[in-house]
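What follows is a single structure, written as structure tokens, with notes after it.
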Amino acid sequence: MSKKIGGVVALAGLCALSLFLVNCGSSSSRPTGVLYVLTQGSNGVGNNVSTFAMDLNSGGLSLVNSNASTCPTAATGTNPNPCGLPVDILLDPTGATAFVLDQGAPPCPSCSPDSNNPIAPAIYPYTVGSDGSLSPLGTGLHRSCGTNVSNCSDTATAMVRDAAGQFLFVIDYGSSPTPGYPTANSPYPSCPHVPTAAYDVCPSISVFTMTSGTLKEAGSPFYLSKIPSALSAITFTPPGSTSAQELLFVTNNQDICSQNCIAPSPHNDNTVSVYSVSSSGTLTEQPNSPYAVAAVNPLSVLAVNTNPAGQNSGGLFVYVGSEDSSGGHLYPFEVCTVVGSAGCTQQQVDQTLMFPLATCPAISCEVPPSPAGKSPVAMVVDPTNNFLYVASEGSSQVFAFKINTTAGTLTALSPNPNLPTGSQPVSMALHPSVNNTGQFLYTSNSGSDNISGFSLSTTSGVMSSLPAVATPAAPSGMTAR
């Protein structure tokens, strides 16, 4: 199963929540941060959360423990992954609860009965102690899938929450083979629809409300006709308005069915879907969505709002990491949130129209994509929304860009526009500055079983490499506080 996952960003909590608190208000003695890293181990052994103490003077890491299991059921020889591999982790806004997403284990049509152990994806909660320790995992939350939980047996990919911690969103691949494949004679209908059997699960987005560290499903899953690859949520208040709006952006890289359920060729559909999120968590796909991306494999997405509160000096920009014939690139888009800005009309603002970033109205003026190595699988932005960092899994590098907060364009930082990581980075976490003295960025490297660290300038965004730190086998998702 692929270990590619969306990047997870969690800001540091208040000093009272920091691990090993020491003189929180002092500039000469700073609290220690915490980095949580999922590890996928080997053959079901080592599916854990590893906890690292973070020296906020140097960015150095030291392993505290790696004993928090990500599954309540012990692995066996015939069922080595009873919960599926852990792929994503995030914290609630207070840093008091951690949530781990296990991808589940879909049914295996060709497997023998004793090795076919389908199980639904689940989110497991952990209570975070004042010392940064994690409690034994709580009861896993499975999303609803009709009358039979086996109908949930698809594959969770990634999750993200909004900044306020009101909602948590999860994307799922669906069953394998997907409904409608591999031939037009499939007994299952086209997606989307509520699943009727274990091999009839459409890709989906699930929405959960977050209250005091507790998750609750906000209605039925939103079933999709395209396979999602990444997601990003953003909440913003348009200038001149008093009402906050929330949008969810989801990249798609494969259609499920075309007309009469004939598999499309080529299979990649290369789009970004945009959904509005109601106060109850209901998703509504926006007019003109999905939007085409001029690349063959969208892998990551990040929405960035550079408008200061109540002002109109910036914009809402969306960056999509994709593959094309010449490697990985970031494709920039802008969303209409203000009438007159970038030529947006009132109707386009009402529809939150998204369009490729351009320097003038003509199509020929579209801003070209920015090179970002091979397979840009994860992105994070610093707390000021001035600097964007991208992990390239295929070329094992981190790329750094300055965001033009007015125009949305990206400029590679100098010096050190990119630096090497360990092999195959799949996730990123950023710990923001304490007393404006520097911040730290980390990548989990699934191919070399280690963490790469970088010190970031708060003024220029420039990266400096830190010593790599070994982890248990196959690190995946990560988050920092």
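Order determines the names: the first chain of the structure tokens is A, the second B, and so forth; residues in each chain are numbered 1 upward, and ligands are numbered 1 upward as they are shown.
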
(request) Tell me which protein, DNA and RNA residues are within 7 Å of Glu217 (chain A), counting only C-alpha atoms, leaving out same-chain ones fewer than 6 positions away, and put them as a VMD selection string. (result) chain A and resid 143 207 to 209

Would you export the selected residues with N, CA and C atoms as an mmCIF file, in the first residue's frame, please?
data_model
loop_
_atom_site.group_PDB
_atom_site.id
_atom_site.type_symbol
_atom_site.label_atom_id
_atom_site.label_comp_id
_atom_site.auth_asym_id
_atom_site.auth_seq_id
_atom_site.Cartn_x
_atom_site.Cartn_y
_atom_site.Cartn_z
ATOM 1 N N ARG A 143 -16.502 5.648 10.204
ATOM 2 C CA ARG A 143 -17.592 6.399 9.598
ATOM 3 C C ARG A 143 -18.725 5.455 9.219
ATOM 4 N N VAL A 207 -16.777 13.974 7.086
ATOM 5 C CA VAL A 207 -16.642 15.179 7.902
ATOM 6 C C VAL A 207 -17.017 14.847 9.338
ATOM 7 N N PHE A 208 -16.173 15.277 10.284
ATOM 8 C CA PHE A 208 -16.424 15.052 11.702
ATOM 9 C C PHE A 208 -16.366 16.389 12.442
ATOM 10 N N THR A 209 -17.253 16.570 13.397
ATOM 11 C CA THR A 209 -17.170 17.737 14.272
ATOM 12 C C THR A 209 -16.196 17.420 15.403
#

(message) Just want the 9 Å neighbourhood of region 288-299 of chain A, counted on only C-alpha atoms, with same-chain residues fewer than 4 positions away dropped. Output as a PyMOL selection string.
(response) chain A and resi 4-6+229-230+251-254+268-275+320-325+328-329+331+351+353-356+375-378

Writer output for current selection, N, CA and C atoms, as a short mmCIF file (atom, residue, chain, number, x, y, z; two decimals), in the first residue's frame:
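Generated file (part_19.cif):
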data_model
loop_
_atom_site.label_atom_id
_atom_site.label_comp_id
_atom_site.auth_asym_id
_atom_site.auth_seq_id
_atom_site.Cartn_x
_atom_site.Cartn_y
_atom_site.Cartn_z
N LYS A 4 2.36 7.36 0.52
CA LYS A 4 2.23 8.78 0.23
C LYS A 4 1.07 9.35 1.00
N ILE A 5 1.28 10.42 1.69
CA ILE A 5 0.22 11.03 2.47
C ILE A 5 0.34 12.54 2.37
N GLY A 6 -0.74 13.15 2.64
CA GLY A 6 -0.72 14.59 2.68
C GLY A 6 0.05 15.10 3.86
N SER A 229 -6.67 12.62 -3.82
CA SER A 229 -5.27 12.38 -3.46
C SER A 229 -4.78 13.26 -2.32
N ALA A 230 -5.40 14.43 -2.10
CA ALA A 230 -4.96 15.33 -1.02
C ALA A 230 -6.08 16.32 -0.74
N THR A 251 -7.72 17.50 -4.31
CA THR A 251 -7.16 17.13 -5.61
C THR A 251 -7.63 15.72 -5.97
N ASN A 252 -7.83 15.51 -7.29
CA ASN A 252 -8.29 14.22 -7.81
C ASN A 252 -7.34 13.77 -8.91
N ASN A 253 -6.98 12.49 -8.91
CA ASN A 253 -6.08 12.04 -9.97
C ASN A 253 -6.56 10.81 -10.71
N GLN A 254 -7.84 10.44 -10.53
CA GLN A 254 -8.37 9.35 -11.36
C GLN A 254 -9.89 9.36 -11.34
N ASN A 268 -6.10 9.23 -15.47
CA ASN A 268 -5.94 10.42 -14.65
C ASN A 268 -6.87 11.52 -15.10
N ASP A 269 -7.61 12.10 -14.15
CA ASP A 269 -8.50 13.19 -14.56
C ASP A 269 -7.98 14.55 -14.10
N ASN A 270 -7.02 14.59 -13.17
CA ASN A 270 -6.21 15.79 -12.93
C ASN A 270 -7.05 17.04 -12.67
N THR A 271 -7.75 17.05 -11.55
CA THR A 271 -8.59 18.19 -11.21
C THR A 271 -8.47 18.54 -9.73
N VAL A 272 -9.02 19.72 -9.40
CA VAL A 272 -9.20 20.15 -8.01
C VAL A 272 -10.68 20.43 -7.81
N SER A 273 -11.29 19.78 -6.83
CA SER A 273 -12.68 20.04 -6.47
C SER A 273 -12.72 21.01 -5.30
N VAL A 274 -13.73 21.90 -5.30
CA VAL A 274 -13.88 22.90 -4.25
C VAL A 274 -15.27 22.73 -3.64
N TYR A 275 -15.29 22.64 -2.31
CA TYR A 275 -16.55 22.45 -1.58
C TYR A 275 -16.70 23.53 -0.53
N VAL A 320 -1.14 23.70 -6.02
CA VAL A 320 -1.33 22.28 -6.28
C VAL A 320 0.00 21.67 -6.72
N GLY A 321 0.44 20.67 -5.97
CA GLY A 321 1.66 19.96 -6.34
C GLY A 321 1.33 18.81 -7.27
N SER A 322 1.95 18.79 -8.46
CA SER A 322 1.61 17.81 -9.48
C SER A 322 2.85 17.33 -10.21
N GLU A 323 2.68 16.23 -10.94
CA GLU A 323 3.70 15.72 -11.83
C GLU A 323 3.36 16.11 -13.26
N ASP A 324 4.37 16.35 -14.07
CA ASP A 324 4.16 16.49 -15.50
C ASP A 324 5.37 15.89 -16.21
N SER A 325 5.45 16.06 -17.51
CA SER A 325 6.48 15.38 -18.28
C SER A 325 7.89 15.80 -17.90
N GLY A 328 8.12 17.44 -11.15
CA GLY A 328 7.10 17.98 -10.27
C GLY A 328 7.08 19.50 -10.27
N HIS A 329 5.88 20.07 -10.18
CA HIS A 329 5.71 21.52 -10.17
C HIS A 329 4.58 21.91 -9.22
N TYR A 331 1.41 24.40 -9.13
CA TYR A 331 0.52 25.18 -9.99
C TYR A 331 -0.29 26.13 -9.12
N GLN A 351 -19.71 32.60 -6.25
CA GLN A 351 -19.40 31.21 -6.61
C GLN A 351 -18.01 30.78 -6.13
N LEU A 353 -15.24 31.46 -7.39
CA LEU A 353 -14.60 30.95 -8.60
C LEU A 353 -13.10 30.84 -8.39
N MET A 354 -12.52 29.75 -8.85
CA MET A 354 -11.07 29.54 -8.79
C MET A 354 -10.53 29.51 -10.20
N PHE A 355 -9.41 30.19 -10.44
CA PHE A 355 -8.84 30.22 -11.77
C PHE A 355 -7.33 30.22 -11.67
N PRO A 356 -6.62 29.74 -12.70
CA PRO A 356 -5.16 29.76 -12.68
C PRO A 356 -4.64 31.19 -12.49
N SER A 375 7.58 14.47 -7.62
CA SER A 375 6.54 14.02 -6.68
C SER A 375 6.47 14.91 -5.44
N PRO A 376 6.00 16.15 -5.60
CA PRO A 376 5.82 17.05 -4.44
C PRO A 376 4.60 16.63 -3.63
N VAL A 377 4.81 15.86 -2.56
CA VAL A 377 3.70 15.19 -1.88
C VAL A 377 3.18 15.95 -0.66
N ALA A 378 3.91 16.94 -0.18
CA ALA A 378 3.48 17.63 1.04
C ALA A 378 3.92 19.09 1.00
#

(message) Need to verify the contact set: Asn450 (chain A), 9 Å, only C-alpha atoms, exclusion of same-chain residues closer than 3 positions in sequence. Can you return it as a ChimeraX atom specification?
(response) /A:422-423,443-447,468-475

(message) as an NGL selection string, please: every residue in region 304-465 of chain A that a backbone DSSP assignment puts in alpha helix (DSSP H).
(response) :A and (346-350)

What lies within 7 Å of region 303-306 of chain A using only C-alpha atoms, ignoring chain neighbours under 4 positions off, as an mmCIF file with C-alpha atoms, in the first residue's frame?
data_model
loop_
_atom_site.group_PDB
_atom_site.id
_atom_site.type_symbol
_atom_site.label_atom_id
_atom_site.label_comp_id
_atom_site.auth_asym_id
_atom_site.auth_seq_id
_atom_site.Cartn_x
_atom_site.Cartn_y
_atom_site.Cartn_z
ATOM 1 C CA SER A 232 -6.738 21.404 2.373
ATOM 2 C CA ALA A 233 -9.283 23.363 4.428
ATOM 3 C CA ILE A 234 -9.380 27.110 4.978
ATOM 4 C CA GLY A 314 -3.711 40.025 -0.309
ATOM 5 C CA GLY A 315 -5.809 37.163 -1.599
ATOM 6 C CA LEU A 316 -6.843 33.531 -1.272
ATOM 7 C CA PHE A 317 -4.369 31.401 -3.215
ATOM 8 C CA VAL A 318 -4.293 27.646 -3.821
ATOM 9 C CA TYR A 319 -1.128 25.737 -4.701
ATOM 10 C CA ASN A 385 1.842 33.087 5.247
ATOM 11 C CA THR A 405 1.193 38.074 -0.539
#

(message) Give me, as a PyMOL selection string, all polymer residues having an atom no more than 10 Å from Leu357 (chain A), counting only C-alpha atoms and skipping those fewer than 2 positions away in the same chain.
(response) chain A and resi 317-319+331-335+342+354-355+359-361+363+365-369+407-409

Dump as a PDB file, in the first residue's frame, selection limited to C-alpha atoms:
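The result, stored in again_26.pdb:
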ATOM      1  CA  PHE A 317      -4.369  31.401  -3.215  1.00  0.00           C
ATOM      2  CA  VAL A 318      -4.293  27.646  -3.821  1.00  0.00           C
ATOM      3  CA  TYR A 319      -1.128  25.737  -4.701  1.00  0.00           C
ATOM      4  CA  TYR A 331       0.518  25.176  -9.986  1.00  0.00           C
ATOM      5  CA  PRO A 332      -0.880  28.427  -8.525  1.00  0.00           C
ATOM      6  CA  PHE A 333      -4.576  29.375  -8.456  1.00  0.00           C
ATOM      7  CA  GLU A 334      -6.524  32.296  -7.051  1.00  0.00           C
ATOM      8  CA  VAL A 335     -10.038  32.222  -5.579  1.00  0.00           C
ATOM      9  CA  ALA A 342      -8.105  40.208  -9.923  1.00  0.00           C
ATOM     10  CA  MET A 354     -11.072  29.539  -8.790  1.00  0.00           C
ATOM     11  CA  PHE A 355      -8.838  30.224 -11.774  1.00  0.00           C
ATOM     12  CA  THR A 359      -0.686  38.555 -14.371  1.00  0.00           C
ATOM     13  CA  CYS A 360      -3.310  39.945 -16.736  1.00  0.00           C
ATOM     14  CA  PRO A 361      -6.752  38.843 -18.015  1.00  0.00           C
ATOM     15  CA  ILE A 363      -4.890  33.258 -20.918  1.00  0.00           C
ATOM     16  CA  CYS A 365      -0.544  35.649 -19.081  1.00  0.00           C
ATOM     17  CA  GLU A 366      -1.021  32.652 -16.784  1.00  0.00           C
ATOM     18  CA  VAL A 367       1.760  32.334 -14.237  1.00  0.00           C
ATOM     19  CA  PRO A 368       3.924  29.302 -15.083  1.00  0.00           C
ATOM     20  CA  PRO A 369       4.242  26.534 -12.489  1.00  0.00           C
ATOM     21  CA  ALA A 407      -0.140  38.568  -6.244  1.00  0.00           C
ATOM     22  CA  GLY A 408       0.223  34.990  -4.990  1.00  0.00           C
ATOM     23  CA  THR A 409       3.282  34.278  -7.130  1.00  0.00           C
TER      24      THR A 409
END

(message) Just checking: using only C-alpha atoms, which residue out of A:Val339, A:Leu168, A:Val426, A:Met379 ends up closest to Thr211 (chain A)?
(response) A:Leu168

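Between Gly477 (chain A) and the candidates A:Leu413, A:Val128, A:Met159, A:Met54, the tightest atom-to-atom separation, counting only C-alpha atoms, involves A:Met159.
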
(request) Using DSSP on the backbone coordinates, identify the residues of region 36-221 of chain A assigned to strand (DSSP E or B); present them as an NGL selection string. (result) :A and (36-42 or 45-54 or 61-69 or 86-91 or 97-102 or 105 or 119 or 122-128 or 134 or 141 or 145 or 147 or 156-161 or 167-172 or 204-211 or 214-217)

(request) Point out the residue among A:Leu419, A:Val194, A:Met428, A:Leu466 with the least atom-to-atom distance to Met478 (chain A), counting only C-alpha atoms. (result)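 When distances to Met478 (chain A) are compared using only C-alpha atoms, the smallest one comes from A:Met428.
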
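Proximity ranking of A:Asn418, A:Ser341, A:Asn48, A:Asn67 relative to Phe401 (chain A) places A:Asn418 first, based on only C-alpha atoms.
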
(request) Rounded to one decimal place, report the CA of Pro221 (chain A)-CA of Ala429 (chain A) distance in Å. (result) 27.8 Å

(message) Please report the interatomic distance between CA of Tyr124 (chain A) and CA of Val380 (chain A) in Å with one decimal.
(response) 24.0 Å

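Nearest-residue note for Arg481 (chain A): choosing from A:Pro238, A:Gly132, A:Gly104, A:Pro383, the minimum distance belongs to A:Gly132, counting only C-alpha atoms.
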
(request) Select, from A:Val64, A:Ser300, A:Leu85, A:Ala74, the residue with the minimum atom-to-atom distance to Gln40 (chain A), counting only C-alpha atoms. (result) A:Leu85
